[in-house]
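Here the structure is laid out as structure tokens; the discussion comes afterwards.
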Amino acid sequence: MLWLDDAQNLICVSKIVLHTIKIIYQTSFFMKHLNNKLQLLLVILISGFGYMVSCTHDDSFPPPPASTAVVVTHGTNVHLPGNMTAGNATEWKLDKAHSSVLWSTSYVAAAGLLTGRFNQFGMHDVTAAKMLNYVTTGQPLLDSSWAFYENEPAKTFFNGYVQINQSNTGEPGRDAGCNVSGLGTTAIVAGTQNLTVTNLAKIKTTEVKFDPLSADYIVTLTLNWQGKLTAPLTKTLTGRLKYIAKANVGGTYDVFGLQLKFQFNCRDYGITSTSIGDKIDIECNMNFNNK
Amino acid sequence: MENSFFTYLELLELMIFFSGYTLIYFLIRVVAETGFVKRLFKTNISFLLPYAYALAGMLYLGLQLKTLFPDYSMQHIRLSMQVPLLKTWALLSILFIIPAFAKKPFFSLLHSLVFFFFLVRDLGLNIFKGSDGSVLKNDMNIYTYSLLINMAAFVFVLLVYNLFNKLRKNKAGQNG
């Protein structure tokens with residue numbers, strides 16, 4: 001049957017060849033009777049149509065996507081306390097009445113948050129020589145141990161302190177009771193600011209740098225506190241600083257804010273109370289004005 | 001014809017040298033009939049078209065020789081040919097350098113229509129059968145290069161023709 005297949009193939013090929021010759025003949029006949037301009041138009045139309053159809057942009061590289069990198073712009077504000085001279089608009093003062101130092105921890109390390117605040121705090125570098133009892137109802141020390149450079153974080157620094165026995169959870173029985181013994185401090189003496197070693201927790205920044213992912217700053221700081229230990233312990237921690245930019249208030253004075261958040265482990269400081277969790281979150285909301 | 005990648009490549013080679021001639025042919029025919037061009041060259045330059053086509057054919061032959069280098073044995077030629085019929089047909093274009101063949105430029109057009117047909121075929125397949133658009137896109141790129149090659153070939157032939165004309169006139173002037 002092989003010869004039959006070959007014969008069929010030959011017939012098929014012959015038919016194709018004849019058909020092709022016929023097409024070429026008809027085309028040449030058709031083309032001879034068309035003038036050149038019309039033929040040119042026809043070929044241009046075919047070519048143009050080919051270009052149009054083929055121009056799908058399928059293989060074109062799409063434009064690069066917008067950068068996913070966070071674009072952070074920092075202003076150039078510089079805030080310095082100077083001598084905190086009243087009326088000097090270039091010297092910034094801590095507005096303690098509108099500031100706060102808040103703490104929170106999970107209750108019994110299992111439930112919701114237990115929160116509180118420190119009624120007395122400040123922004124002074126309390127050296128050993130200054131760790132005293134100050135008989136005053138106001139700030140015992142000038143809140144001037146800080147500097148903030150919005151665009152030069154390396155030059156930014158701050159010191160802060162809280163008086164441990166001034167922790168306020170809104171429950172006087174607890175604040176003046178188990179809190180005092182549980183935190184290894186002494187009871188409040190009316191009219192006295194207790195900055196002695198057992199009642200003082202201090203922070204001091206060692207490095208401030210830009211957060212690459214936000215407009216915030218990453219702060220490395222030390223927390224110095226005795227707690228229930230026999231001597232103060234200094235631990236290095238990392239926190240996040242947010243700058244709330246300078247704004248004018250009623251055309252009379254300016255304000256700005258700094259918010260620092262960090263966390264520490266109270267067990268490091270000998271705190272054994274099971275009412276609170278290991279991790280204590282601290283949030284410092286400091287507001288300043290240039291009145 | 002084998003439906004292989006190498007066949008496709010050889011077809012593209014053929015298209016790049018010959019498919020653009022069709023458009024160039026009609027373009028030159030139309031332009032050559034304008035009064036300005038006739039006055040400029042003092043003749044209908046469309047008679048040079050077959051020579052330009054033959055030049056394209058020679059360039060194609062050059063490419064084939066370069067591809068075959070250094071082994072020009074029949075065995076190597078046979079092995080490296082995927083579309084022998086089309087290649088032979090393409091190389092026949094060189095015959096248009098012979099004045100007897102060049103007398104009828106229309107034949108060079110008919111010769112090139114075979115390669116233009118592949119472009120039309122792919123266009124038809126794309127429109128009516130929704131075939132892969134990248135084939136047509138590739139064809140059109142090749143077609144663009146072909147237009148450039150054929151136009152360049154014609155310009156070259158025209159320059160050579162003018163140069164010879166001037167030399168001949170100069171020689172005639174000296175003799176006269």
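Chain lettering (A, B, ...) mirrors the order of the structure tokens, residue numbering begins at 1 for each chain separately, and ligand numbering begins at 1 in order of display.
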Starting from chain A, keep only residues with some atom at most 7 Å from an atom of chain B, counting only C-alpha atoms, and report them as a PDB file with C-alpha atoms, in the first residue's frame.
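Result saved to out-v4.pdb:
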ATOM      1  CA  ASN A  36       1.276  51.859  -9.344  1.00  0.00           C
ATOM      2  CA  LYS A  37      -0.293  54.335  -6.946  1.00  0.00           C
ATOM      3  CA  GLN A  39      -0.749  49.086  -5.667  1.00  0.00           C
ATOM      4  CA  LEU A  40       1.462  51.199  -3.452  1.00  0.00           C
ATOM      5  CA  VAL A  43       0.890  47.432   0.092  1.00  0.00           C
ATOM      6  CA  ILE A  44       1.092  50.391   2.473  1.00  0.00           C
ATOM      7  CA  GLY A  50       0.522  44.736  10.184  1.00  0.00           C
ATOM      8  CA  TYR A  51       2.290  47.392  12.243  1.00  0.00           C
ATOM      9  CA  SER A  54       1.531  43.891  15.999  1.00  0.00           C
ATOM     10  CA  CYS A  55       1.833  46.964  18.174  1.00  0.00           C
TER      11      CYS A  55
END
Contact residues around Arg174 of chain A with only C-alpha atoms at 12 Å, ignoring same-chain residues under 4 positions, as a list of chain:residue names | A:Gly116, A:Asn165, A:Gln166, A:Ser167, A:Asn168, A:Thr169, A:Gly170, A:Cys178, A:Asn179, A:Val180, A:Ser181, A:Gly182, A:Leu183, A:Ala187, A:Ser275
Enumerate, in order of chain and increasing residue number, the residues of segment 137-166 of chain A with an atom no farther than 8 Å from segment 71-86 of chain A, each with its shortest atom pair and distance in Å to one decimal, counting only C-alpha atoms, as a tab-separated table.
residue	atom	partner	partner_atom	distance
A:Asp143	CA	A:Pro81	CA	7.9
A:Ser144	CA	A:Pro81	CA	5.4
A:Ser145	CA	A:Pro81	CA	7.9
A:Trp146	CA	A:Pro81	CA	7.1
A:Ala147	CA	A:Leu80	CA	5.0
A:Phe148	CA	A:His79	CA	5.1
A:Tyr149	CA	A:Val78	CA	4.5
A:Glu150	CA	A:Asn77	CA	5.3
A:Asn151	CA	A:Thr76	CA	5.3
Name the residues in contact with Asn119 of chain A at a cut-off of 12 Å, using only C-alpha atoms, excluding same-chain residues fewer than 6 positions from it; report them as a PyMOL selection string.
-> chain A and resi 96-103+137-139+161-170+175+188+193
I need the chosen residues saved as a compact mmCIF listing (two decimals), in the first residue's frame, with C-alpha atoms.
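As a result, out-v1.txt now contains:
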# COMPACT_ATOMS: atom_id res chain seq x y z
CA LYS A 96 5.04 69.69 82.89
CA ALA A 97 1.41 70.45 83.58
CA HIS A 98 0.55 69.16 80.12
CA SER A 99 3.06 66.33 80.02
CA SER A 100 2.96 62.84 81.39
CA VAL A 101 4.94 59.71 82.06
CA LEU A 102 2.67 56.69 81.75
CA TRP A 103 3.30 53.06 82.47
CA THR A 137 6.11 71.63 95.50
CA GLY A 138 7.46 72.67 92.11
CA GLN A 139 10.19 71.16 89.95
CA TYR A 161 13.66 60.98 85.81
CA VAL A 162 10.59 59.93 87.72
CA GLN A 163 9.93 59.69 91.41
CA ILE A 164 8.86 56.10 91.97
CA ASN A 165 6.64 56.77 94.97
CA GLN A 166 4.63 59.21 92.82
CA SER A 167 3.16 56.36 90.80
CA ASN A 168 -0.55 56.98 90.48
CA THR A 169 -2.96 54.25 89.47
CA GLY A 170 -5.99 56.09 90.77
CA ASP A 175 -0.41 53.74 95.46
CA ILE A 188 5.53 60.42 99.89
CA GLN A 193 10.47 66.08 96.18
Figure out the distance between atom CA of Asn289 of chain A and atom CA of Gly257 of chain A, please, to one decimal in Å.
->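 Answer for the atom CA of Gly257 of chain A to atom CA of Asn289 of chain A separation: 8.8 Å.
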Sel. of strand (DSSP E or B) residues, segment 34-194 of chain A, as a ChimeraX atom specification | /A:78-79,93-94,100-107,113-118,121-122,133-134,146-149,157-163,167-168,193-194
For segment 203-209 of chain A, work out the shell of residues within 6 Å, counting only C-alpha atoms and skipping chain neighbours fewer than 3 positions away, then give it as a list in words.
-> Pro153, Ala154, Phe157, Phe158, Asn159, Gly160, Tyr217, Ile218, Val219, Thr220, Leu221, Thr222 and Leu223 of chain A
Limited to C-alpha atoms, could you put the picked residues into a file as a PDB file, in the first residue's frame?
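Output contents, as saved in selection-v6.pdb:
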ATOM      1  CA  PRO A 153      19.639  63.146  65.528  1.00  0.00           C
ATOM      2  CA  ALA A 154      23.250  62.541  66.490  1.00  0.00           C
ATOM      3  CA  PHE A 157      19.938  63.911  73.665  1.00  0.00           C
ATOM      4  CA  PHE A 158      17.805  63.973  76.744  1.00  0.00           C
ATOM      5  CA  ASN A 159      17.777  62.941  80.371  1.00  0.00           C
ATOM      6  CA  GLY A 160      14.728  62.255  82.424  1.00  0.00           C
ATOM      7  CA  TYR A 217      13.797  58.203  65.723  1.00  0.00           C
ATOM      8  CA  ILE A 218      15.336  55.142  67.258  1.00  0.00           C
ATOM      9  CA  VAL A 219      16.737  55.869  70.664  1.00  0.00           C
ATOM     10  CA  THR A 220      19.245  53.906  72.644  1.00  0.00           C
ATOM     11  CA  LEU A 221      19.013  54.793  76.291  1.00  0.00           C
ATOM     12  CA  THR A 222      19.997  53.591  79.715  1.00  0.00           C
ATOM     13  CA  LEU A 223      17.548  53.063  82.538  1.00  0.00           C
TER      14      LEU A 223
END
Would you work out the distance separating atom CA of Ile98 of chain B from atom CA of Asn44 of chain B, expressed in Å to one decimal?
-> 18.9 Å
Compile the contact shell of Tyr269 of chain A as a list in words: residues with an atom at most 10 Å away, counting only C-alpha atoms, same-chain residues fewer than 3 positions apart removed.
->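 Contacts, with the query itself left out: Leu183, Gly184, Asn224, Trp225, Gln226, Gly227, Lys228, Leu229, Thr230, Ala231, Pro232, Leu233, Thr234, Lys235, Phe264, Asn265, Cys266 and Thr272 of chain A.
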Any chance you could export the current selection's C-alpha atoms as a PDB file, in the first residue's frame?
ATOM      1  CA  LEU A 183       8.883  48.942  94.384  1.00  0.00           C
ATOM      2  CA  GLY A 184      11.421  49.280  97.184  1.00  0.00           C
ATOM      3  CA  ASN A 224      19.053  53.505  85.949  1.00  0.00           C
ATOM      4  CA  TRP A 225      16.923  52.341  88.882  1.00  0.00           C
ATOM      5  CA  GLN A 226      17.540  50.484  92.086  1.00  0.00           C
ATOM      6  CA  GLY A 227      14.129  48.879  92.430  1.00  0.00           C
ATOM      7  CA  LYS A 228      14.355  46.111  95.014  1.00  0.00           C
ATOM      8  CA  LEU A 229      18.057  45.637  94.453  1.00  0.00           C
ATOM      9  CA  THR A 230      20.728  46.736  96.837  1.00  0.00           C
ATOM     10  CA  ALA A 231      22.243  49.206  94.390  1.00  0.00           C
ATOM     11  CA  PRO A 232      21.013  50.977  91.248  1.00  0.00           C
ATOM     12  CA  LEU A 233      21.239  48.954  88.064  1.00  0.00           C
ATOM     13  CA  THR A 234      21.832  50.477  84.645  1.00  0.00           C
ATOM     14  CA  LYS A 235      20.373  48.632  81.681  1.00  0.00           C
ATOM     15  CA  PHE A 264      11.888  47.205  80.260  1.00  0.00           C
ATOM     16  CA  ASN A 265      11.785  44.048  82.344  1.00  0.00           C
ATOM     17  CA  CYS A 266      10.949  44.887  85.926  1.00  0.00           C
ATOM     18  CA  THR A 272       8.788  40.239  92.303  1.00  0.00           C
TER      19      THR A 272
END
Please return as an mmCIF file with C-alpha atoms, in the first residue's frame: the residues of segment 7-80 of chain B that backbone DSSP assigns to alpha helix (DSSP H).
data_model
loop_
_atom_site.group_PDB
_atom_site.id
_atom_site.type_symbol
_atom_site.label_atom_id
_atom_site.label_comp_id
_atom_site.auth_asym_id
_atom_site.auth_seq_id
_atom_site.Cartn_x
_atom_site.Cartn_y
_atom_site.Cartn_z
ATOM 1 C CA THR B 7 13.180 26.645 9.842
ATOM 2 C CA TYR B 8 11.611 29.710 11.363
ATOM 3 C CA LEU B 9 15.011 31.368 11.682
ATOM 4 C CA GLU B 10 15.810 30.701 8.027
ATOM 5 C CA LEU B 11 12.457 32.087 7.056
ATOM 6 C CA LEU B 12 13.185 35.233 9.028
ATOM 7 C CA GLU B 13 16.527 35.518 7.235
ATOM 8 C CA LEU B 14 14.726 35.353 3.903
ATOM 9 C CA MET B 15 12.133 37.867 4.977
ATOM 10 C CA ILE B 16 14.725 40.315 6.184
ATOM 11 C CA PHE B 17 16.316 40.464 2.735
ATOM 12 C CA PHE B 18 13.335 40.220 0.433
ATOM 13 C CA TYR B 21 11.107 44.874 -1.672
ATOM 14 C CA THR B 22 7.411 44.875 -2.528
ATOM 15 C CA LEU B 23 6.744 48.188 -0.845
ATOM 16 C CA ILE B 24 10.008 49.713 -2.052
ATOM 17 C CA TYR B 25 9.148 48.587 -5.588
ATOM 18 C CA PHE B 26 5.839 50.418 -5.683
ATOM 19 C CA LEU B 27 7.243 53.399 -3.835
ATOM 20 C CA ILE B 28 10.059 53.840 -6.345
ATOM 21 C CA ARG B 29 7.700 53.277 -9.255
ATOM 22 C CA VAL B 30 5.403 56.037 -8.026
ATOM 23 C CA VAL B 31 8.229 58.409 -7.093
ATOM 24 C CA ALA B 32 10.095 57.745 -10.350
ATOM 25 C CA GLY B 35 8.303 65.107 -12.884
ATOM 26 C CA PHE B 36 10.847 66.282 -10.338
ATOM 27 C CA VAL B 37 12.605 62.921 -10.120
ATOM 28 C CA LYS B 38 12.507 62.447 -13.868
ATOM 29 C CA ARG B 39 14.117 65.855 -14.336
ATOM 30 C CA LEU B 40 16.653 65.167 -11.610
ATOM 31 C CA PHE B 41 17.855 61.862 -13.020
ATOM 32 C CA LEU B 49 14.830 48.209 -9.214
ATOM 33 C CA PRO B 50 15.796 44.680 -10.367
ATOM 34 C CA TYR B 51 19.468 45.551 -9.885
ATOM 35 C CA ALA B 52 18.753 46.694 -6.332
ATOM 36 C CA TYR B 53 16.848 43.476 -5.793
ATOM 37 C CA ALA B 54 19.782 41.499 -7.167
ATOM 38 C CA LEU B 55 22.053 43.377 -4.759
ATOM 39 C CA ALA B 56 19.832 42.316 -1.867
ATOM 40 C CA GLY B 57 20.117 38.774 -3.189
ATOM 41 C CA MET B 58 23.888 39.054 -3.251
ATOM 42 C CA LEU B 59 23.896 40.292 0.313
ATOM 43 C CA TYR B 60 21.810 37.278 1.240
ATOM 44 C CA LEU B 61 24.260 35.023 -0.544
ATOM 45 C CA GLY B 62 27.065 36.691 1.393
ATOM 46 C CA LEU B 63 25.294 35.899 4.638
ATOM 47 C CA GLN B 64 24.873 32.282 3.621
ATOM 48 C CA LEU B 65 28.550 31.995 2.701
ATOM 49 C CA LYS B 66 29.505 33.548 6.017
ATOM 50 C CA THR B 67 27.258 31.075 7.845
ATOM 51 C CA LEU B 68 28.751 28.130 5.985
ATOM 52 C CA MET B 74 27.778 19.818 -0.297
ATOM 53 C CA GLN B 75 27.102 17.749 2.779
ATOM 54 C CA HIS B 76 27.441 20.760 5.040
ATOM 55 C CA ILE B 77 25.285 22.876 2.726
ATOM 56 C CA ARG B 78 22.620 20.175 2.612
ATOM 57 C CA LEU B 79 22.657 19.740 6.389
ATOM 58 C CA SER B 80 22.466 23.443 7.111
#
Point-to-point distance in Å for atom CA of Leu260 of chain A and atom CA of Pro140 of chain A =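 That distance, rounded to one decimal, is 22.3 Å.
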For Ala102 of chain B, which residue among B:Ile149, B:Leu85, B:Leu48, B:Val155 is the nearest when counting only C-alpha atoms?
->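 Nearest to Ala102 of chain B: B:Leu48.
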